[in-house]
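K.L.:
One file: upload.cif (mmCIF, C-alpha atoms and all ligand atoms).
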```cif
data_start
#
loop_
_atom_site.label_atom_id
_atom_site.label_comp_id
_atom_site.auth_asym_id
_atom_site.auth_seq_id
_atom_site.Cartn_x
_atom_site.Cartn_y
_atom_site.Cartn_z
CA MET A 45 2.22 5.04 -13.37
CA LYS A 46 1.96 7.96 -10.97
CA VAL A 47 3.67 7.49 -7.59
CA VAL A 48 2.31 9.57 -4.72
CA THR A 49 3.22 9.64 -1.06
CA SER A 50 0.84 12.22 0.41
CA VAL A 51 -2.90 12.07 1.01
CA VAL A 52 -3.44 15.54 -0.49
CA GLU A 53 -1.63 14.60 -3.71
CA LEU A 54 -3.51 11.30 -3.98
CA LYS A 55 -6.89 12.98 -3.58
CA ARG A 56 -5.96 15.53 -6.25
CA GLU A 57 -5.05 12.74 -8.70
CA LEU A 58 -8.19 10.73 -7.93
CA ASP A 59 -10.43 13.79 -8.37
CA LYS A 60 -9.15 14.17 -11.94
CA TYR A 61 -10.25 10.63 -12.77
CA ARG A 62 -13.57 10.98 -10.99
CA LEU A 63 -14.37 14.18 -12.90
CA ASN A 64 -14.02 12.09 -16.07
CA GLY A 65 -16.54 9.59 -14.72
CA LYS A 66 -13.97 6.87 -14.03
CA LYS A 67 -14.44 4.20 -11.38
CA ILE A 68 -11.68 3.61 -8.86
CA GLY A 69 -10.45 0.07 -8.03
CA PHE A 70 -8.16 -0.21 -5.04
CA ALA A 71 -5.78 -2.95 -3.84
CA PRO A 72 -4.20 -2.34 -0.42
CA THR A 73 -0.91 -4.18 0.17
CA MET A 74 2.12 -4.18 2.40
CA GLY A 75 4.53 -4.46 -0.53
CA ALA A 76 7.13 -7.15 -1.26
CA LEU A 77 4.85 -7.85 -4.17
CA HIS A 78 4.37 -11.11 -6.04
CA SER A 79 1.96 -12.45 -8.65
CA GLY A 80 -0.78 -12.79 -6.02
CA HIS A 81 -0.79 -9.02 -5.49
CA ILE A 82 -0.55 -8.37 -9.21
CA SER A 83 -3.65 -10.52 -9.79
CA LEU A 84 -5.59 -7.96 -7.73
CA ILE A 85 -4.48 -5.13 -10.02
CA GLU A 86 -5.41 -7.23 -13.06
CA ALA A 87 -8.85 -7.88 -11.61
CA ALA A 88 -9.31 -4.12 -11.10
CA HIS A 89 -8.45 -3.53 -14.77
CA LYS A 90 -10.80 -6.27 -15.94
CA ASN A 91 -13.63 -4.37 -14.30
CA ARG A 92 -12.52 -1.21 -16.19
CA ASN A 93 -11.35 0.55 -13.09
CA VAL A 94 -8.62 3.10 -12.67
CA SER A 95 -6.23 1.06 -10.53
CA VAL A 96 -4.80 2.28 -7.25
CA CYS A 97 -2.43 0.19 -5.16
CA SER A 98 -1.17 1.16 -1.72
CA ILE A 99 2.06 -0.09 -0.21
CA PHE A 100 2.07 0.51 3.51
CA VAL A 101 3.55 -1.78 6.14
CA ASN A 102 1.01 -1.02 8.83
CA PRO A 103 2.67 -0.99 12.27
CA SER A 104 -0.63 -1.27 14.14
CA GLN A 105 -1.43 -4.77 12.82
CA PHE A 106 1.84 -6.36 13.94
CA ASN A 107 1.64 -7.85 17.40
CA ASN A 108 5.33 -8.69 17.25
CA ALA A 109 7.93 -5.91 16.88
CA GLU A 110 10.49 -8.26 15.36
CA ASP A 111 8.05 -9.42 12.68
CA LEU A 112 7.40 -5.75 11.78
CA HIS A 113 11.12 -5.04 11.66
CA LYS A 114 11.86 -8.09 9.50
CA TYR A 115 8.91 -7.62 7.13
CA PRO A 116 10.45 -7.47 3.60
CA ARG A 117 10.53 -4.00 2.04
CA THR A 118 11.31 -3.98 -1.69
CA LEU A 119 9.82 -0.72 -3.00
CA LYS A 120 12.01 -0.44 -6.12
CA ALA A 121 11.24 -3.96 -7.33
CA ASP A 122 7.56 -3.46 -6.42
CA GLN A 123 7.40 -0.33 -8.57
CA LYS A 124 8.77 -2.25 -11.56
CA LEU A 125 6.18 -5.01 -11.18
CA LEU A 126 3.33 -2.52 -10.81
CA LYS A 127 4.44 -0.49 -13.81
CA ARG A 128 4.56 -3.65 -15.90
CA ALA A 129 1.07 -4.56 -14.69
CA GLY A 130 -0.18 -1.19 -15.96
CA LEU A 131 -1.04 0.27 -12.53
CA ASP A 132 -2.35 3.84 -12.68
CA ILE A 133 -1.53 5.16 -9.20
CA LEU A 134 0.80 3.85 -6.51
CA PHE A 135 0.20 5.30 -3.07
CA ALA A 136 3.23 4.67 -0.84
CA PRO A 137 2.77 6.91 2.19
CA PRO A 138 4.99 7.31 5.25
CA VAL A 139 3.46 6.38 8.61
CA ASP A 140 2.54 9.97 9.57
CA GLU A 141 0.35 10.38 6.46
CA ILE A 142 -1.79 7.45 7.56
CA TYR A 143 -1.63 8.21 11.27
CA PRO A 144 -1.06 11.97 11.56
CA LYS A 145 -0.66 13.31 15.07
CA GLY A 146 -3.96 14.48 16.51
CA LEU A 147 -6.17 12.44 14.19
CA ASN A 148 -8.14 9.70 15.92
CA THR A 149 -7.98 6.76 13.53
CA LYS A 150 -8.93 4.04 16.02
CA LEU A 151 -12.07 2.27 14.88
CA LEU A 152 -14.49 1.21 17.59
CA LEU A 153 -16.41 -1.57 15.88
CA ASP A 154 -17.65 -4.76 17.49
CA LEU A 155 -16.48 -7.47 15.09
CA ARG A 156 -18.92 -9.96 16.65
CA GLY A 157 -16.22 -12.48 17.44
CA LEU A 158 -14.95 -12.71 13.83
CA ASP A 159 -11.67 -11.38 15.18
CA LYS A 160 -11.43 -13.80 18.09
CA VAL A 161 -10.92 -17.11 16.25
CA MET A 162 -8.00 -18.52 14.22
CA GLU A 163 -5.59 -15.64 13.45
CA GLY A 164 -7.22 -13.57 16.19
CA LYS A 165 -6.36 -16.18 18.82
CA PHE A 166 -2.70 -16.28 17.91
CA ARG A 167 -2.13 -12.67 16.88
CA PRO A 168 -3.87 -10.54 19.53
CA GLY A 169 -4.62 -7.02 18.29
CA HIS A 170 -3.89 -7.92 14.66
CA PHE A 171 -7.41 -7.40 13.34
CA GLU A 172 -7.92 -4.23 15.35
CA GLY A 173 -4.91 -2.81 13.52
CA MET A 174 -6.05 -4.26 10.20
CA VAL A 175 -9.53 -2.68 10.31
CA GLN A 176 -7.98 0.58 11.49
CA VAL A 177 -5.74 0.82 8.43
CA VAL A 178 -8.31 -0.48 5.92
CA LYS A 179 -10.92 2.02 7.18
CA ARG A 180 -8.38 4.84 7.02
CA LEU A 181 -7.35 3.84 3.47
CA LEU A 182 -11.01 3.55 2.39
CA ASP A 183 -11.64 7.06 3.77
CA ILE A 184 -8.68 8.40 1.80
CA VAL A 185 -9.14 6.55 -1.51
CA GLN A 186 -12.95 6.22 -1.48
CA PRO A 187 -12.80 3.48 -4.11
CA ASP A 188 -15.78 2.04 -5.94
CA SER A 189 -14.27 -1.42 -5.45
CA ILE A 190 -11.62 -2.85 -3.17
CA TYR A 191 -9.74 -5.98 -4.27
CA MET A 192 -8.51 -8.47 -1.69
CA GLY A 193 -7.19 -12.04 -1.78
CA GLN A 194 -8.86 -15.21 -0.53
CA LYS A 195 -5.41 -16.01 0.89
CA ASP A 196 -6.32 -13.93 3.95
CA PHE A 197 -9.76 -15.45 4.40
CA GLN A 198 -10.46 -14.08 7.85
CA GLN A 199 -9.23 -10.64 6.83
CA PHE A 200 -11.63 -10.27 3.91
CA THR A 201 -14.51 -11.69 5.98
CA ILE A 202 -13.89 -8.99 8.58
CA VAL A 203 -13.52 -6.26 5.94
CA GLN A 204 -16.80 -7.39 4.36
CA TYR A 205 -18.47 -7.17 7.77
CA MET A 206 -17.00 -3.70 8.35
CA ILE A 207 -18.16 -2.45 4.94
CA GLU A 208 -21.69 -3.73 5.57
CA SER A 209 -22.02 -2.54 9.13
CA LEU A 210 -20.65 0.95 8.42
CA ASN A 211 -22.56 1.14 5.13
CA ILE A 212 -19.41 2.04 3.19
CA PRO A 213 -20.20 2.51 -0.53
CA THR A 214 -17.44 0.20 -1.77
CA ASP A 215 -17.74 -3.30 -3.26
CA LEU A 216 -15.37 -5.92 -1.96
CA VAL A 217 -14.06 -8.20 -4.72
CA ILE A 218 -12.37 -11.41 -3.62
CA CYS A 219 -9.60 -12.79 -5.82
CA PRO A 220 -8.47 -16.44 -5.84
CA ILE A 221 -5.23 -17.57 -4.20
CA ILE A 222 -2.27 -17.52 -6.59
CA ARG A 223 0.12 -20.41 -5.93
CA GLU A 224 3.62 -21.47 -6.86
CA GLU A 225 3.83 -24.45 -9.23
CA ASP A 226 4.19 -26.82 -6.29
CA GLY A 227 1.06 -25.48 -4.64
CA LEU A 228 2.58 -23.18 -2.01
CA ALA A 229 0.39 -20.10 -1.67
CA MET A 230 2.37 -17.04 -2.71
CA SER A 231 3.25 -14.82 0.23
CA SER A 232 5.67 -11.97 0.86
CA ARG A 233 7.03 -14.09 3.71
CA ASN A 234 8.06 -16.97 1.39
CA VAL A 235 11.35 -15.25 0.50
CA ARG A 236 12.40 -15.70 4.13
CA LEU A 237 11.96 -19.49 4.06
CA SER A 238 15.17 -21.52 4.28
CA GLN A 239 15.80 -23.87 1.33
CA GLU A 240 14.81 -26.80 3.52
CA PHE A 241 11.51 -25.28 4.63
CA ARG A 242 10.75 -23.99 1.13
CA LYS A 243 10.82 -27.64 -0.01
CA ILE A 244 8.57 -28.76 2.85
CA ALA A 245 6.05 -25.90 2.74
CA PRO A 246 3.87 -27.23 -0.16
CA VAL A 247 2.67 -29.93 2.26
CA ILE A 248 0.20 -27.31 3.55
CA PHE A 249 -1.75 -27.19 0.29
CA LYS A 250 -1.42 -30.97 -0.12
CA THR A 251 -2.90 -31.45 3.33
CA LEU A 252 -5.78 -29.07 2.59
CA LYS A 253 -6.60 -31.04 -0.57
CA TRP A 254 -6.31 -34.33 1.32
CA ALA A 255 -8.73 -32.99 3.96
CA LYS A 256 -11.28 -31.92 1.37
CA SER A 257 -11.14 -35.22 -0.49
CA ASN A 258 -11.85 -37.05 2.79
CA ARG A 259 -14.70 -34.85 3.96
CA ASN A 260 -17.29 -37.56 3.35
CA LYS A 261 -15.20 -40.39 4.79
CA LEU A 262 -13.88 -38.98 8.06
CA SER A 263 -15.41 -36.85 10.79
CA ILE A 264 -14.43 -33.18 11.05
CA ALA A 265 -12.56 -33.94 14.29
CA GLU A 266 -10.63 -36.79 12.64
CA ILE A 267 -9.74 -34.65 9.65
CA LYS A 268 -8.41 -31.85 11.85
CA THR A 269 -6.34 -34.23 13.96
CA GLN A 270 -4.92 -36.14 11.00
CA ALA A 271 -4.15 -32.95 9.09
CA LYS A 272 -2.09 -31.69 12.04
CA VAL A 273 -0.26 -35.02 12.20
CA LYS A 274 0.57 -34.76 8.48
CA LEU A 275 1.93 -31.23 8.86
CA GLU A 276 4.02 -32.22 11.89
CA ALA A 277 5.33 -35.35 10.20
CA ALA A 278 6.60 -33.16 7.34
CA GLY A 279 8.49 -30.91 9.78
CA LEU A 280 6.07 -27.99 10.20
CA MET A 281 4.56 -26.77 13.47
CA PRO A 282 0.82 -26.31 12.93
CA GLU A 283 -0.75 -23.56 15.03
CA TYR A 284 -4.29 -24.38 14.02
CA VAL A 285 -6.31 -26.37 11.51
CA GLU A 286 -9.92 -25.17 11.57
CA ILE A 287 -12.97 -26.03 9.51
CA VAL A 288 -15.35 -23.09 9.82
CA ASN A 289 -18.56 -21.65 8.47
CA ALA A 290 -17.36 -19.34 5.67
CA GLU A 291 -19.54 -16.46 6.87
CA THR A 292 -19.50 -16.62 10.65
CA LEU A 293 -16.04 -18.25 10.95
CA LYS A 294 -17.49 -20.44 13.69
CA GLY A 295 -16.08 -23.96 13.86
CA VAL A 296 -18.36 -26.64 12.42
CA ARG A 297 -18.73 -30.15 13.81
CA LYS A 298 -20.74 -31.56 10.90
CA LEU A 299 -21.16 -30.53 7.29
CA ASN A 300 -24.45 -28.99 6.34
CA GLN A 301 -25.65 -28.32 2.78
CA GLN A 302 -26.88 -24.85 3.75
CA HIS A 303 -23.55 -23.35 4.70
CA LYS A 304 -20.31 -23.05 2.81
CA THR A 305 -17.32 -24.07 4.87
CA VAL A 306 -13.62 -23.37 4.56
CA ILE A 307 -10.59 -25.15 5.99
CA CYS A 308 -7.90 -22.79 7.27
CA VAL A 309 -4.36 -23.57 8.40
CA ALA A 310 -1.58 -21.64 10.07
CA ALA A 311 1.76 -23.39 10.50
CA TRP A 312 5.31 -22.43 11.30
CA ALA A 313 7.95 -23.40 8.78
CA GLY A 314 10.97 -22.80 11.00
CA GLU A 315 10.69 -19.13 11.94
CA ILE A 316 8.21 -18.25 9.21
CA ARG A 317 4.50 -18.41 9.84
CA LEU A 318 2.44 -19.48 6.82
CA ILE A 319 -1.32 -19.46 6.31
CA ASP A 320 -3.50 -21.05 3.64
CA ASN A 321 -7.10 -22.15 3.09
CA ILE A 322 -9.46 -23.74 0.59
CA TYR A 323 -13.22 -23.95 0.39
CA PHE A 324 -14.14 -27.25 2.01
CA SER A 325 -17.82 -27.79 1.25
P1 LIG B 401 -0.37 -8.28 1.99
O1 LIG B 401 0.60 -7.47 1.23
O2 LIG B 401 0.16 -9.59 2.45
O3 LIG B 401 -1.04 -7.49 3.09
O4 LIG B 401 -1.55 -8.67 0.98
C1 LIG B 401 -2.23 -7.69 0.25
C2 LIG B 401 -3.37 -8.33 -0.47
O5 LIG B 401 -2.89 -9.32 -1.37
C3 LIG B 401 -4.36 -9.04 0.47
O6 LIG B 401 -5.69 -8.78 0.04
C4 LIG B 401 -3.98 -10.48 0.30
O7 LIG B 401 -5.03 -11.38 0.57
C5 LIG B 401 -3.60 -10.52 -1.18
N1 LIG B 401 -2.73 -11.67 -1.44
C6 LIG B 401 -1.62 -12.04 -0.75
N2 LIG B 401 -1.13 -13.20 -1.22
C7 LIG B 401 -1.96 -13.59 -2.22
C8 LIG B 401 -1.99 -14.72 -3.10
N3 LIG B 401 -1.09 -15.68 -3.04
N4 LIG B 401 -3.00 -14.78 -4.01
C9 LIG B 401 -3.95 -13.81 -4.08
N5 LIG B 401 -3.97 -12.72 -3.28
C10 LIG B 401 -3.00 -12.61 -2.36
#
```
Kindly return the structure encoded in the file as structure tokens.
P.N.:
Amino acid sequence: MKVVTSVVELKRELDKYRLNGKKIGFAPTMGALHSGHISLIEAAHKNRNVSVCSIFVNPSQFNNAEDLHKYPRTLKADQKLLKRAGLDILFAPPVDEIYPKGLNTKLLLDLRGLDKVMEGKFRPGHFEGMVQVVKRLLDIVQPDSIYMGQKDFQQFTIVQYMIESLNIPTDLVICPIIREEDGLAMSSRNVRLSQEFRKIAPVIFKTLKWAKSNRNKLSIAEIKTQAKVKLEAAGLMPEYVEIVNAETLKGVRKLNQQHKTVICVAAWAGEIRLIDNIYFS
């Protein structure tokens, strides 16, 4: 595994592979890696790609300075995991490689409201920062495919929209959510859960499954209300439970055979904010 920290060095390495006709598969991350991240690298290998992973805690997507400060940083352990997974290139740049002085990296793209619902409502500016860094990383890496997790449903929907509207020649591959044995979606934030909240947190996935199994018995409004009650009763503080069209992310009031829907949840487990989702219909 080659570890590079500068854009120039990364481009030099990638050129070598490209000259040999290799395809590049890229998984952007913020580190503190777990099996969910590793599944993206494995998916890149399955498609016979040279695998590139970036670890960059992107300041511009944090709307809360404390959350940025407390975000887990475990580069040494991450390197071990990536090496074991057979990663080809790790790109772990400092902030000024991604945002060098004098370079305008702000992306002016109308996200057509995809950024205004769910996460966008509660984390103002988050998606602006997210598309800024993903566009910058795509410009640097120029991968044939980018691998992202269904865990961040709204994120990949927005990235897909960005790729299509800017005509970027990269395929977005979505990878399923990897969960702990008790159903909790793996997340870098899980290590910060207290023992008590770690025990409670699987109720999120249980509630999502309960909602889906009742989709033909209860109305959408009833499901959303009862799901929130279940999360609260377990000791979590739900921020939202939304059932949305999987493409437009607009809330649905009734199910319709023509459109796939997804149920998305964000809930606080003490001081840790968790998100999860499953396809609903
Ligand atoms: P992050 O480091 O949290 O920014 O995540 C980097 C990538 O890993 C994103 O595409 C996430 O959706 C994906 N990811 C995070 N957690 C999981 C998980 N439990 N299963 C699958 N992919 C995940």
K.L.:
Which of these residues is nearest to Leu237 (chain A), using only C-alpha atoms: A:Lys250, A:Arg156, A:Arg317, A:Lys127?
P.N.:
A:Arg317
K.L.:
To check your reading of the model: which residues sit at most 8 Å from ligand LIG 401 (chain B) when counting only C-alpha atoms and all ligand atoms? Write the answer as a PyMOL selection string.
P.N.:
chain A and resi 71-81+83-84+99+101+191-197+199-200+219-223+229-232
K.L.:
CA of Ile218 (chain A) and CA of Met174 (chain A) are how many Å apart?
P.N.:
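Here the two named atoms are 16.8 Å from each other.
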K.L.:
Find the spatial neighbours of region 302-307 of chain A, counting only C-alpha atoms, within a cut-off of 9 Å - ignore same-chain residues fewer than 6 positions away - and output them as a list in words.
P.N.:
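Residues near the query, excluding close chain neighbours: Phe197, Leu252, Ala255, Lys256, Val285, Glu286, Ile287, Val288, Asn289, Ala290, Glu291, Leu293, Val296, Asp320, Asn321, Ile322, Tyr323, Phe324 and Ser325 of chain A.
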K.L.:
Could you tell me how far CA of Asn102 (chain A) lies from CA of Lys66 (chain A), in Å and to one decimal?
P.N.:
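Atom-to-atom, CA of Asn102 (chain A) to CA of Lys66 (chain A), that is 28.4 Å.
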K.L.:
Which residues are close to region 94-96 of chain A, i.e. within 12 Å by all atoms listed in the file, leaving aside same-chain residues fewer than 4 positions away? Reply as a PyMOL selection string.
P.N.:
chain A and resi 45-48+54-55+57-62+64-73+82-90+126-127+129-136+181-182+184-191
K.L.:
Which region 130-174 of chain A residues have any atom within 9 Å of an atom of region 205-214 of chain A, and for each, what is the nearest pair of atoms with distance in Å to one decimal, counting all atoms listed in the file, rows sorted by chain and number, as a tab-separated table?
P.N.:
```
residue	atom	partner	partner_atom	distance
A:Leu153	CA	A:Met206	CA	7.8
A:Leu155	CA	A:Tyr205	CA	7.6
A:Leu158	CA	A:Tyr205	CA	8.9
```
K.L.:
For each of A:Leu152, A:Val309, A:Ala271, A:Val161, take the minimum atom-to-atom distance to Trp254 (chain A), counting all atoms listed in the file, then give the residue where this is smallest.
P.N.:
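The answer is A:Ala271, which sits nearest to Trp254 (chain A).
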K.L.:
Near Gln270 (chain A), within 12 Å and counting all atoms listed in the file, which residues show up once chain neighbours fewer than 2 positions away are dropped, as an MDAnalysis selection string?
P.N.:
chainID A and resid 251:252 254:255 258 262:268 272:277 282 285
K.L.:
Grab the CA of Pro138 (chain A) to CA of Arg117 (chain A) distance for me, in Å with one decimal place.
P.N.:
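Computed distance, CA of Pro138 (chain A) to CA of Arg117 (chain A), equals 13.0 Å.
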K.L.:
Need the axis-aligned box for region 187-200 of chain A with 3 Å each side, so what are the centre and edges in Å to one decimal, as lines of an AutoDock Vina configuration file?
P.N.:
```
center_x = -10.6
center_y = -6.3
center_z = 1.0
size_x = 16.4
size_y = 25.5
size_z = 19.8
```
K.L.:
Residues near Trp312 (chain A), anyone? I mean within 6 Å using all atoms listed in the file, not counting same-chain ones fewer than 3 positions away, as a PyMOL selection string.
P.N.:
chain A and resi 280-281+316-317
